Amino acid sequence: MTVEDHEGEVAMAFSEVADGVHRLDHAWVNLYVVRGDGGRVLVVDAGLPAMWPLLGQALRSLGHRPSDVAGIALTHAHFDHTGFAAVARRRLGVPVWADPADFFIAAHPYRYAHENVRALYPVRHPGSLRILGAMAAAGAPRVPGVRDLTPYAPDDAGAALDLPGSPRLVRTPGHTAGHVALHLPERDVVLVGDALVTLDPYTGVEGPQIVAGAATADSAQALASLDLIAATGASVLLPGHGEPWRWGAAEAVAEARAVGAH
């Protein structure tokens with residue numbers, strides 16, 4: 001399903017990318033809807049503010065209502081993943097899960113660690129300008145902080161969470177200190193957030209890679225965390241930016257390591 005803006009350009013794409021997992025793509029930012037038993041759904045990441053009404057449209061296209069949302073599971077708390085989290089908490093009363101190491105970023109969306117000066121990237125990588133401009137138009141500069149988050153427990157790693165789809169938590173620090181991925185072994189999928197992307201918004205470069213130092217706190221740690229993604233053995237990786245990767249976790253990790261820090 002696609003929704004077009006007044007100029008006829010695709011503003012939103014929504015499609016099933018794995019068994020019971022649907023991708024909402026807007027302004028080069030992805031979030032995912034995971035369908036579970038009993039008509040409940042889990043939203044993975046909260047995109048940008050403009051994606052809030054789009055989520056409602058997407059849910060209705062599946063025959064769901066906003067009241068079917070069990071909660072929002074954040075892979076990490078950067079502003080392009082928490083865009084409507086505060087609104088969802090207020091209007092739906094649902095929990096928003098995150099690693100406690102990212103609680104500060106969630107409350108202060110523009111105060112996060114990064115290795116390199118962000119302003120240099122559009123100059124060095126003009127291919128990023130269209131992406132960053134679309135993100136800005138979708139509300140990237142106006143993301144409210146979100147508090148009262150529900151923490152992933154310290155012993156949750158590797159365990160099946162009591163959430164739609166029964167995801168298993170994979171701790172993948174580096175992009176942020178509290179970054180996690182969500183493995184759905186029965187569906188052969190890992191939702192990797194920004195631990196590994198197939199499009200870097202800061203360079204415009206496609207293909208498996210970690211995100212540039214413009215937004216990554218510790219590239220060495222991010223590269224080390226790729227081992228845990230490879231260890232899932234999943235066939236399909238669903239990133240926070242870019243197209244799904246369908247050629248296996250090991251191959252994606254090998255390509256990302258070849259790219260390295262940037």
# chains A, B, ... in the order shown; residues from 1 in each chain; ligands from 1
>>> residues_around(residues="Leu161 (chain A)", least_positions_apart="4", cutoff="12 Å", atoms="only C-alpha atoms", output="PyMOL selection string")
chain A and resi 42+73+97+152-153+155-157+165-170+182-184
>>> write_last_selection(atoms="all heavy atoms", output="tab-separated table (two decimals), in the first residue's frame")
chain	number	residue	atom	x	y	z
A	42	LEU	N	2.56	-5.30	17.87
A	42	LEU	CA	3.68	-4.59	18.48
A	42	LEU	C	4.25	-3.64	17.44
A	42	LEU	O	4.50	-4.05	16.29
A	42	LEU	CB	4.76	-5.58	18.92
A	42	LEU	CG	6.06	-4.98	19.47
A	42	LEU	CD1	5.80	-4.29	20.81
A	42	LEU	CD2	7.13	-6.06	19.62
A	73	ALA	N	8.16	-0.98	21.04
A	73	ALA	CA	9.48	-1.46	21.45
A	73	ALA	C	10.53	-0.68	20.66
A	73	ALA	O	10.58	-0.75	19.43
A	73	ALA	CB	9.62	-2.96	21.16
A	97	TRP	N	8.92	0.51	25.47
A	97	TRP	CA	10.07	-0.19	26.02
A	97	TRP	C	11.37	0.33	25.42
A	97	TRP	O	11.44	0.65	24.22
A	97	TRP	CB	9.97	-1.69	25.71
A	97	TRP	CG	8.91	-2.41	26.47
A	97	TRP	CD1	8.98	-2.93	27.73
A	97	TRP	CD2	7.59	-2.70	26.00
A	97	TRP	NE1	7.80	-3.52	28.08
A	97	TRP	CE2	6.93	-3.40	27.04
A	97	TRP	CE3	6.90	-2.46	24.81
A	97	TRP	CZ2	5.61	-3.85	26.92
A	97	TRP	CZ3	5.60	-2.90	24.69
A	97	TRP	CH2	4.97	-3.58	25.74
A	152	TYR	N	13.69	-2.68	29.32
A	152	TYR	CA	14.02	-4.08	29.11
A	152	TYR	C	14.81	-4.53	30.34
A	152	TYR	O	15.71	-3.84	30.80
A	152	TYR	CB	14.88	-4.27	27.87
A	152	TYR	CG	14.24	-3.84	26.57
A	152	TYR	CD1	14.85	-2.88	25.75
A	152	TYR	CD2	13.04	-4.40	26.13
A	152	TYR	CE1	14.28	-2.49	24.55
A	152	TYR	CE2	12.47	-4.02	24.92
A	152	TYR	CZ	13.09	-3.06	24.13
A	152	TYR	OH	12.53	-2.68	22.94
A	153	ALA	N	14.46	-5.67	30.88
A	153	ALA	CA	15.14	-6.16	32.07
A	153	ALA	C	16.55	-6.64	31.74
A	153	ALA	O	16.81	-7.08	30.61
A	153	ALA	CB	14.34	-7.29	32.71
A	155	ASP	N	18.02	-9.31	32.45
A	155	ASP	CA	18.09	-10.72	32.05
A	155	ASP	C	17.20	-11.04	30.86
A	155	ASP	O	16.95	-12.21	30.55
A	155	ASP	CB	17.72	-11.62	33.24
A	155	ASP	CG	16.33	-11.32	33.79
A	155	ASP	OD1	15.71	-10.34	33.33
A	155	ASP	OD2	15.89	-12.06	34.68
A	156	ASP	N	16.72	-10.00	30.16
A	156	ASP	CA	15.87	-10.23	28.98
A	156	ASP	C	16.65	-10.73	27.78
A	156	ASP	O	16.07	-11.30	26.85
A	156	ASP	CB	15.13	-8.95	28.59
A	156	ASP	CG	13.87	-8.73	29.41
A	156	ASP	OD1	13.42	-9.68	30.07
A	156	ASP	OD2	13.35	-7.60	29.40
A	157	ALA	N	17.95	-10.47	27.71
A	157	ALA	CA	18.73	-10.82	26.52
A	157	ALA	C	18.62	-12.31	26.24
A	157	ALA	O	18.88	-13.15	27.11
A	157	ALA	CB	20.19	-10.43	26.71
A	165	GLY	N	4.45	-11.52	18.78
A	165	GLY	CA	5.56	-12.04	18.00
A	165	GLY	C	6.63	-12.72	18.83
A	165	GLY	O	7.55	-13.32	18.28
A	166	SER	N	6.57	-12.60	20.17
A	166	SER	CA	7.54	-13.20	21.09
A	166	SER	C	8.99	-12.90	20.68
A	166	SER	O	9.81	-13.81	20.53
A	166	SER	CB	7.33	-14.71	21.18
A	166	SER	OG	6.03	-15.01	21.63
A	167	PRO	N	9.33	-11.63	20.50
A	167	PRO	CA	10.70	-11.31	20.06
A	167	PRO	C	11.72	-11.65	21.14
A	167	PRO	O	11.43	-11.59	22.35
A	167	PRO	CB	10.64	-9.80	19.82
A	167	PRO	CG	9.55	-9.33	20.72
A	167	PRO	CD	8.53	-10.42	20.73
A	168	ARG	N	12.92	-12.01	20.70
A	168	ARG	CA	14.05	-12.25	21.60
A	168	ARG	C	14.98	-11.05	21.53
A	168	ARG	O	15.36	-10.60	20.45
A	168	ARG	CB	14.77	-13.54	21.25
A	168	ARG	CG	13.90	-14.77	21.46
A	168	ARG	CD	14.60	-16.06	21.13
A	168	ARG	NE	13.70	-17.19	21.33
A	168	ARG	CZ	13.56	-17.84	22.48
A	168	ARG	NH1	14.28	-17.47	23.53
A	168	ARG	NH2	12.72	-18.85	22.59
A	169	LEU	N	15.36	-10.55	22.69
A	169	LEU	CA	16.17	-9.33	22.76
A	169	LEU	C	17.63	-9.67	22.48
A	169	LEU	O	18.19	-10.61	23.05
A	169	LEU	CB	16.04	-8.73	24.16
A	169	LEU	CG	16.49	-7.28	24.32
A	169	LEU	CD1	15.53	-6.34	23.62
A	169	LEU	CD2	16.57	-6.93	25.81
A	170	VAL	N	18.24	-8.88	21.61
A	170	VAL	CA	19.67	-9.00	21.29
A	170	VAL	C	20.30	-7.65	21.60
A	170	VAL	O	19.98	-6.65	20.94
A	170	VAL	CB	19.90	-9.38	19.81
A	170	VAL	CG1	21.39	-9.54	19.53
A	170	VAL	CG2	19.13	-10.65	19.44
A	182	LEU	N	15.75	-7.02	17.80
A	182	LEU	CA	14.68	-7.94	18.18
A	182	LEU	C	14.64	-9.09	17.18
A	182	LEU	O	14.39	-8.88	15.99
A	182	LEU	CB	13.34	-7.21	18.22
A	182	LEU	CG	13.23	-6.08	19.25
A	182	LEU	CD1	11.94	-5.31	19.08
A	182	LEU	CD2	13.32	-6.63	20.68
A	183	HIS	N	14.90	-10.29	17.68
A	183	HIS	CA	14.96	-11.48	16.84
A	183	HIS	C	13.64	-12.23	16.93
A	183	HIS	O	13.14	-12.50	18.04
A	183	HIS	CB	16.12	-12.36	17.33
A	183	HIS	CG	16.33	-13.60	16.52
A	183	HIS	ND1	16.95	-14.73	17.02
A	183	HIS	CD2	16.01	-13.91	15.23
A	183	HIS	CE1	17.01	-15.65	16.09
A	183	HIS	NE2	16.44	-15.19	15.01
A	184	LEU	N	13.07	-12.53	15.78
A	184	LEU	CA	11.85	-13.34	15.70
A	184	LEU	C	12.23	-14.68	15.07
A	184	LEU	O	12.09	-14.87	13.86
A	184	LEU	CB	10.78	-12.64	14.85
A	184	LEU	CG	10.40	-11.20	15.24
A	184	LEU	CD1	9.41	-10.63	14.25
A	184	LEU	CD2	9.84	-11.15	16.65
>>> closest_atom_pairs(of="region 24-61 of chain A", to="region 185-192 of chain A", cutoff="10 Å", atoms="only C-alpha atoms", output="CSV")
residue,atom,partner,partner_atom,distance
A:Leu31,CA,A:Leu191,CA,9.5
A:Tyr32,CA,A:Leu191,CA,8.3
A:Val44,CA,A:Leu191,CA,8.1
A:Asp45,CA,A:Leu191,CA,9.9
>>> residues_around(residues="Val21 (chain A)", least_positions_apart="5", cutoff="7 Å", atoms="only C-alpha atoms", output="short mmCIF file (atom, residue, chain, number, x, y, z; two decimals) with C-alpha atoms, in the first residue's frame")
data_model
loop_
_atom_site.label_atom_id
_atom_site.label_comp_id
_atom_site.auth_asym_id
_atom_site.auth_seq_id
_atom_site.Cartn_x
_atom_site.Cartn_y
_atom_site.Cartn_z
CA GLU A 16 4.45 -7.11 4.50
CA TYR A 32 7.60 -2.13 11.81
CA VAL A 33 4.27 -3.59 12.87
CA VAL A 34 4.51 -7.14 14.22
CA ARG A 35 1.23 -9.03 14.34
#
>>> residues_around(residues="His262 (chain A)", least_positions_apart="3", cutoff="12 Å", atoms="only C-alpha atoms", output="VMD selection string")
chain A and resid 114 to 118 121 124 to 125 200 202 to 203 205 209 to 216 218 to 220 222 to 223 256 to 259
>>> write_last_selection(atoms="N, CA and C atoms", output="mmCIF file, in the first residue's frame")
data_model
loop_
_atom_site.group_PDB
_atom_site.id
_atom_site.type_symbol
_atom_site.label_atom_id
_atom_site.label_comp_id
_atom_site.auth_asym_id
_atom_site.auth_seq_id
_atom_site.Cartn_x
_atom_site.Cartn_y
_atom_site.Cartn_z
ATOM 1 N N HIS A 114 28.011 11.221 19.562
ATOM 2 C CA HIS A 114 28.362 10.837 18.193
ATOM 3 C C HIS A 114 29.834 11.156 17.989
ATOM 4 N N GLU A 115 30.488 10.384 17.137
ATOM 5 C CA GLU A 115 31.944 10.477 17.003
ATOM 6 C C GLU A 115 32.409 11.647 16.134
ATOM 7 N N ASN A 116 31.651 11.950 15.099
ATOM 8 C CA ASN A 116 32.108 12.927 14.107
ATOM 9 C C ASN A 116 31.174 14.136 14.040
ATOM 10 N N VAL A 117 31.678 15.226 13.493
ATOM 11 C CA VAL A 117 30.899 16.453 13.340
ATOM 12 C C VAL A 117 29.833 16.234 12.264
ATOM 13 N N ARG A 118 28.574 16.407 12.640
ATOM 14 C CA ARG A 118 27.473 16.133 11.702
ATOM 15 C C ARG A 118 27.455 17.100 10.527
ATOM 16 N N TYR A 121 28.912 16.242 6.963
ATOM 17 C CA TYR A 121 28.449 15.143 6.116
ATOM 18 C C TYR A 121 27.695 15.607 4.874
ATOM 19 N N ARG A 124 30.340 16.675 2.362
ATOM 20 C CA ARG A 124 31.124 15.575 1.802
ATOM 21 C C ARG A 124 30.267 14.560 1.059
ATOM 22 N N HIS A 125 29.003 14.493 1.427
ATOM 23 C CA HIS A 125 28.097 13.489 0.848
ATOM 24 C C HIS A 125 26.802 14.168 0.412
ATOM 25 N N ASP A 200 22.509 4.608 4.632
ATOM 26 C CA ASP A 200 22.975 5.530 5.663
ATOM 27 C C ASP A 200 22.436 6.918 5.354
ATOM 28 N N TYR A 202 23.172 9.706 6.466
ATOM 29 C CA TYR A 202 24.177 10.769 6.520
ATOM 30 C C TYR A 202 25.124 10.754 5.322
ATOM 31 N N THR A 203 25.099 9.689 4.536
ATOM 32 C CA THR A 203 25.947 9.629 3.341
ATOM 33 C C THR A 203 25.138 9.366 2.074
ATOM 34 N N VAL A 205 24.597 6.453 1.020
ATOM 35 C CA VAL A 205 25.164 5.227 0.463
ATOM 36 C C VAL A 205 24.298 4.033 0.859
ATOM 37 N N GLN A 209 25.804 -1.757 6.344
ATOM 38 C CA GLN A 209 26.840 -0.941 6.979
ATOM 39 C C GLN A 209 26.350 -0.499 8.346
ATOM 40 N N ILE A 210 27.280 -0.087 9.204
ATOM 41 C CA ILE A 210 26.865 0.630 10.406
ATOM 42 C C ILE A 210 26.673 2.092 10.011
ATOM 43 N N VAL A 211 25.948 2.829 10.831
ATOM 44 C CA VAL A 211 25.675 4.229 10.531
ATOM 45 C C VAL A 211 26.939 5.060 10.761
ATOM 46 N N ALA A 212 27.084 6.101 9.963
ATOM 47 C CA ALA A 212 28.253 6.976 10.045
ATOM 48 C C ALA A 212 28.428 7.546 11.448
ATOM 49 N N GLY A 213 29.675 7.969 11.710
ATOM 50 C CA GLY A 213 29.999 8.558 13.002
ATOM 51 C C GLY A 213 29.257 9.839 13.299
ATOM 52 N N ALA A 214 28.533 10.388 12.327
ATOM 53 C CA ALA A 214 27.678 11.552 12.580
ATOM 54 C C ALA A 214 26.593 11.236 13.597
ATOM 55 N N ALA A 215 26.228 9.949 13.718
ATOM 56 C CA ALA A 215 25.161 9.576 14.639
ATOM 57 C C ALA A 215 25.498 8.348 15.474
ATOM 58 N N THR A 216 26.687 7.793 15.319
ATOM 59 C CA THR A 216 27.076 6.597 16.070
ATOM 60 C C THR A 216 27.997 6.981 17.213
ATOM 61 N N ASP A 218 29.876 4.897 19.203
ATOM 62 C CA ASP A 218 31.109 4.122 19.306
ATOM 63 C C ASP A 218 31.138 3.121 18.155
ATOM 64 N N SER A 219 31.821 3.487 17.070
ATOM 65 C CA SER A 219 31.832 2.637 15.884
ATOM 66 C C SER A 219 32.514 1.302 16.139
ATOM 67 N N ALA A 220 33.567 1.287 16.939
ATOM 68 C CA ALA A 220 34.254 0.028 17.233
ATOM 69 C C ALA A 220 33.308 -0.932 17.955
ATOM 70 N N ALA A 222 30.031 -0.770 17.812
ATOM 71 C CA ALA A 222 28.975 -1.118 16.855
ATOM 72 C C ALA A 222 29.414 -2.251 15.951
ATOM 73 N N LEU A 223 30.648 -2.217 15.490
ATOM 74 C CA LEU A 223 31.168 -3.293 14.639
ATOM 75 C C LEU A 223 31.262 -4.600 15.420
ATOM 76 N N ALA A 256 29.064 -5.257 5.984
ATOM 77 C CA ALA A 256 29.176 -4.099 6.867
ATOM 78 C C ALA A 256 30.601 -3.975 7.429
ATOM 79 N N ARG A 257 31.214 -5.089 7.760
ATOM 80 C CA ARG A 257 32.589 -5.030 8.255
ATOM 81 C C ARG A 257 33.537 -4.528 7.170
ATOM 82 N N ALA A 258 33.280 -4.905 5.929
ATOM 83 C CA ALA A 258 34.120 -4.443 4.831
ATOM 84 C C ALA A 258 34.031 -2.924 4.661
ATOM 85 N N VAL A 259 32.851 -2.369 4.897
ATOM 86 C CA VAL A 259 32.683 -0.911 4.828
ATOM 87 C C VAL A 259 33.375 -0.248 6.005
#
>>> select_by_dssp(residues="region 11-257 of chain A", states="strand (DSSP E)", output="number ranges by chain")
A: 11-18, 21-26, 29-35, 41-44, 69-73, 96-98, 150-151, 168-171, 180-184, 189-193, 197-199, 206-209, 236-239
>>> select_by_dssp(residues="region 26-218 of chain A", states="alpha helix (DSSP H)", output="number ranges by chain")
A: 51-61, 85-92, 103-107, 121-124, 129-137
>>> residues_around(residues="Ala106 (chain A)", least_positions_apart="4", cutoff="6 Å", atoms="only C-alpha atoms", output="count of residues only")
3
>>> closest_residue(among="A:Gly260, A:Val96, A:Leu149, A:Trp28", to="Arg130 (chain A)", atoms="only C-alpha atoms")
A:Trp28
>>> closest_residue(among="A:Ile105, A:Ala224, A:Leu24, A:Val180", to="Met51 (chain A)", atoms="only C-alpha atoms")
A:Leu24
>>> residues_around(residues="Arg89 (chain A)", least_positions_apart="2", cutoff="10 Å", atoms="only C-alpha atoms", output="list in words")
Gly71, Ile72, Phe84, Ala85, Ala86, Val87, Arg91, Leu92, Gly93, Val94, Pro95, Val96, Val146, Arg147, Asp148 and Leu149 of chain A
>>> write_last_selection(atoms="N, CA, C and O atoms", output="PDB file, in the first residue's frame")
ATOM      1  N   GLY A  71       2.016  -2.037  22.516  1.00  0.00           N
ATOM      2  CA  GLY A  71       3.066  -1.135  22.958  1.00  0.00           C
ATOM      3  C   GLY A  71       4.068  -0.888  21.848  1.00  0.00           C
ATOM      4  O   GLY A  71       3.922  -1.400  20.729  1.00  0.00           O
ATOM      5  N   ILE A  72       5.055  -0.072  22.171  1.00  0.00           N
ATOM      6  CA  ILE A  72       6.117   0.278  21.224  1.00  0.00           C
ATOM      7  C   ILE A  72       7.440  -0.195  21.801  1.00  0.00           C
ATOM      8  O   ILE A  72       7.787   0.143  22.940  1.00  0.00           O
ATOM      9  N   PHE A  84       6.958   9.713  17.464  1.00  0.00           N
ATOM     10  CA  PHE A  84       5.604   9.841  18.013  1.00  0.00           C
ATOM     11  C   PHE A  84       5.437   9.047  19.299  1.00  0.00           C
ATOM     12  O   PHE A  84       4.308   8.824  19.763  1.00  0.00           O
ATOM     13  N   ALA A  85       6.530   8.634  19.927  1.00  0.00           N
ATOM     14  CA  ALA A  85       6.427   7.811  21.131  1.00  0.00           C
ATOM     15  C   ALA A  85       5.672   8.524  22.240  1.00  0.00           C
ATOM     16  O   ALA A  85       4.826   7.928  22.924  1.00  0.00           O
ATOM     17  N   ALA A  86       5.960   9.803  22.451  1.00  0.00           N
ATOM     18  CA  ALA A  86       5.286  10.551  23.511  1.00  0.00           C
ATOM     19  C   ALA A  86       3.793  10.676  23.218  1.00  0.00           C
ATOM     20  O   ALA A  86       2.957  10.575  24.128  1.00  0.00           O
ATOM     21  N   VAL A  87       3.445  10.896  21.957  1.00  0.00           N
ATOM     22  CA  VAL A  87       2.031  11.006  21.574  1.00  0.00           C
ATOM     23  C   VAL A  87       1.319   9.677  21.796  1.00  0.00           C
ATOM     24  O   VAL A  87       0.197   9.630  22.313  1.00  0.00           O
ATOM     25  N   ARG A  91      -1.940   9.243  24.115  1.00  0.00           N
ATOM     26  CA  ARG A  91      -3.248   8.988  23.512  1.00  0.00           C
ATOM     27  C   ARG A  91      -3.704   7.538  23.652  1.00  0.00           C
ATOM     28  O   ARG A  91      -4.907   7.283  23.754  1.00  0.00           O
ATOM     29  N   LEU A  92      -2.756   6.609  23.612  1.00  0.00           N
ATOM     30  CA  LEU A  92      -3.126   5.200  23.676  1.00  0.00           C
ATOM     31  C   LEU A  92      -2.882   4.597  25.049  1.00  0.00           C
ATOM     32  O   LEU A  92      -3.418   3.525  25.359  1.00  0.00           O
ATOM     33  N   GLY A  93      -2.048   5.269  25.852  1.00  0.00           N
ATOM     34  CA  GLY A  93      -1.730   4.737  27.162  1.00  0.00           C
ATOM     35  C   GLY A  93      -0.910   3.464  27.129  1.00  0.00           C
ATOM     36  O   GLY A  93      -0.961   2.658  28.061  1.00  0.00           O
ATOM     37  N   VAL A  94      -0.152   3.272  26.047  1.00  0.00           N
ATOM     38  CA  VAL A  94       0.619   2.037  25.896  1.00  0.00           C
ATOM     39  C   VAL A  94       2.031   2.211  26.439  1.00  0.00           C
ATOM     40  O   VAL A  94       2.573   3.325  26.462  1.00  0.00           O
ATOM     41  N   PRO A  95       2.674   1.132  26.872  1.00  0.00           N
ATOM     42  CA  PRO A  95       4.069   1.229  27.298  1.00  0.00           C
ATOM     43  C   PRO A  95       4.999   1.412  26.112  1.00  0.00           C
ATOM     44  O   PRO A  95       4.699   0.993  24.995  1.00  0.00           O
ATOM     45  N   VAL A  96       6.110   2.069  26.390  1.00  0.00           N
ATOM     46  CA  VAL A  96       7.190   2.204  25.407  1.00  0.00           C
ATOM     47  C   VAL A  96       8.422   1.585  26.049  1.00  0.00           C
ATOM     48  O   VAL A  96       8.901   2.068  27.080  1.00  0.00           O
ATOM     49  N   VAL A 146      10.456  11.772  25.432  1.00  0.00           N
ATOM     50  CA  VAL A 146       9.519  10.808  26.005  1.00  0.00           C
ATOM     51  C   VAL A 146      10.137  10.255  27.283  1.00  0.00           C
ATOM     52  O   VAL A 146      11.313   9.895  27.322  1.00  0.00           O
ATOM     53  N   ARG A 147       9.329  10.220  28.331  1.00  0.00           N
ATOM     54  CA  ARG A 147       9.769   9.736  29.642  1.00  0.00           C
ATOM     55  C   ARG A 147       8.868   8.597  30.086  1.00  0.00           C
ATOM     56  O   ARG A 147       8.024   8.138  29.331  1.00  0.00           O
ATOM     57  N   ASP A 148       9.071   8.147  31.304  1.00  0.00           N
ATOM     58  CA  ASP A 148       8.266   7.050  31.862  1.00  0.00           C
ATOM     59  C   ASP A 148       8.308   5.815  30.963  1.00  0.00           C
ATOM     60  O   ASP A 148       7.286   5.165  30.696  1.00  0.00           O
ATOM     61  N   LEU A 149       9.511   5.514  30.482  1.00  0.00           N
ATOM     62  CA  LEU A 149       9.692   4.347  29.634  1.00  0.00           C
ATOM     63  C   LEU A 149       9.698   3.071  30.476  1.00  0.00           C
ATOM     64  O   LEU A 149      10.024   3.085  31.666  1.00  0.00           O
TER      65      LEU A 149
END
>>> closest_residue(among="A:Val29, A:Ala177, A:Leu120, A:Ala18", to="Phe104 (chain A)", atoms="only C-alpha atoms")
A:Ala177
>>> closest_residue(among="A:Pro164, A:Gly127, A:Pro122, A:Pro49", to="Asp37 (chain A)", atoms="only C-alpha atoms")
A:Pro164
>>> atom_distance(atom1="CA of Ala136 (chain A)", atom2="CA of Gly47 (chain A)")
12.2 Å
>>> atom_distance(atom1="CA of Ser225 (chain A)", atom2="CA of Ala134 (chain A)")
29.4 Å
>>> atom_distance(atom1="CA of Leu54 (chain A)", atom2="CA of His179 (chain A)")
25.1 Å
>>> decode(residues="region 160-171 of chain A", atoms="N, CA, C and O atoms", output="short mmCIF file (atom, residue, chain, number, x, y, z; two decimals), in the first residue's frame")
data_model
loop_
_atom_site.label_atom_id
_atom_site.label_comp_id
_atom_site.auth_asym_id
_atom_site.auth_seq_id
_atom_site.Cartn_x
_atom_site.Cartn_y
_atom_site.Cartn_z
N ALA A 160 12.55 -14.89 25.26
CA ALA A 160 11.38 -14.47 24.49
C ALA A 160 10.55 -13.51 25.35
O ALA A 160 10.14 -13.84 26.45
N LEU A 161 10.36 -12.30 24.85
CA LEU A 161 9.59 -11.30 25.57
C LEU A 161 8.10 -11.59 25.43
O LEU A 161 7.64 -12.10 24.40
N ASP A 162 7.34 -11.23 26.43
CA ASP A 162 5.90 -11.44 26.42
C ASP A 162 5.23 -10.31 25.65
O ASP A 162 4.51 -9.47 26.21
N LEU A 163 5.51 -10.28 24.36
CA LEU A 163 5.01 -9.25 23.45
C LEU A 163 4.54 -9.93 22.17
O LEU A 163 4.96 -11.06 21.88
N PRO A 164 3.69 -9.29 21.40
CA PRO A 164 3.27 -9.89 20.13
C PRO A 164 4.47 -10.29 19.28
O PRO A 164 5.41 -9.52 19.11
N GLY A 165 4.45 -11.52 18.78
CA GLY A 165 5.56 -12.04 18.00
C GLY A 165 6.63 -12.72 18.83
O GLY A 165 7.55 -13.32 18.28
N SER A 166 6.57 -12.60 20.17
CA SER A 166 7.54 -13.20 21.09
C SER A 166 8.99 -12.90 20.68
O SER A 166 9.81 -13.81 20.53
N PRO A 167 9.33 -11.63 20.50
CA PRO A 167 10.70 -11.31 20.06
C PRO A 167 11.72 -11.65 21.14
O PRO A 167 11.43 -11.59 22.35
N ARG A 168 12.92 -12.01 20.70
CA ARG A 168 14.05 -12.25 21.60
C ARG A 168 14.98 -11.05 21.53
O ARG A 168 15.36 -10.60 20.45
N LEU A 169 15.36 -10.55 22.69
CA LEU A 169 16.17 -9.33 22.76
C LEU A 169 17.63 -9.67 22.48
O LEU A 169 18.19 -10.61 23.05
N VAL A 170 18.24 -8.88 21.61
CA VAL A 170 19.67 -9.00 21.29
C VAL A 170 20.30 -7.65 21.60
O VAL A 170 19.98 -6.65 20.94
N ARG A 171 21.16 -7.58 22.58
CA ARG A 171 21.78 -6.31 22.95
C ARG A 171 22.92 -6.01 21.99
O ARG A 171 23.87 -6.78 21.86
#
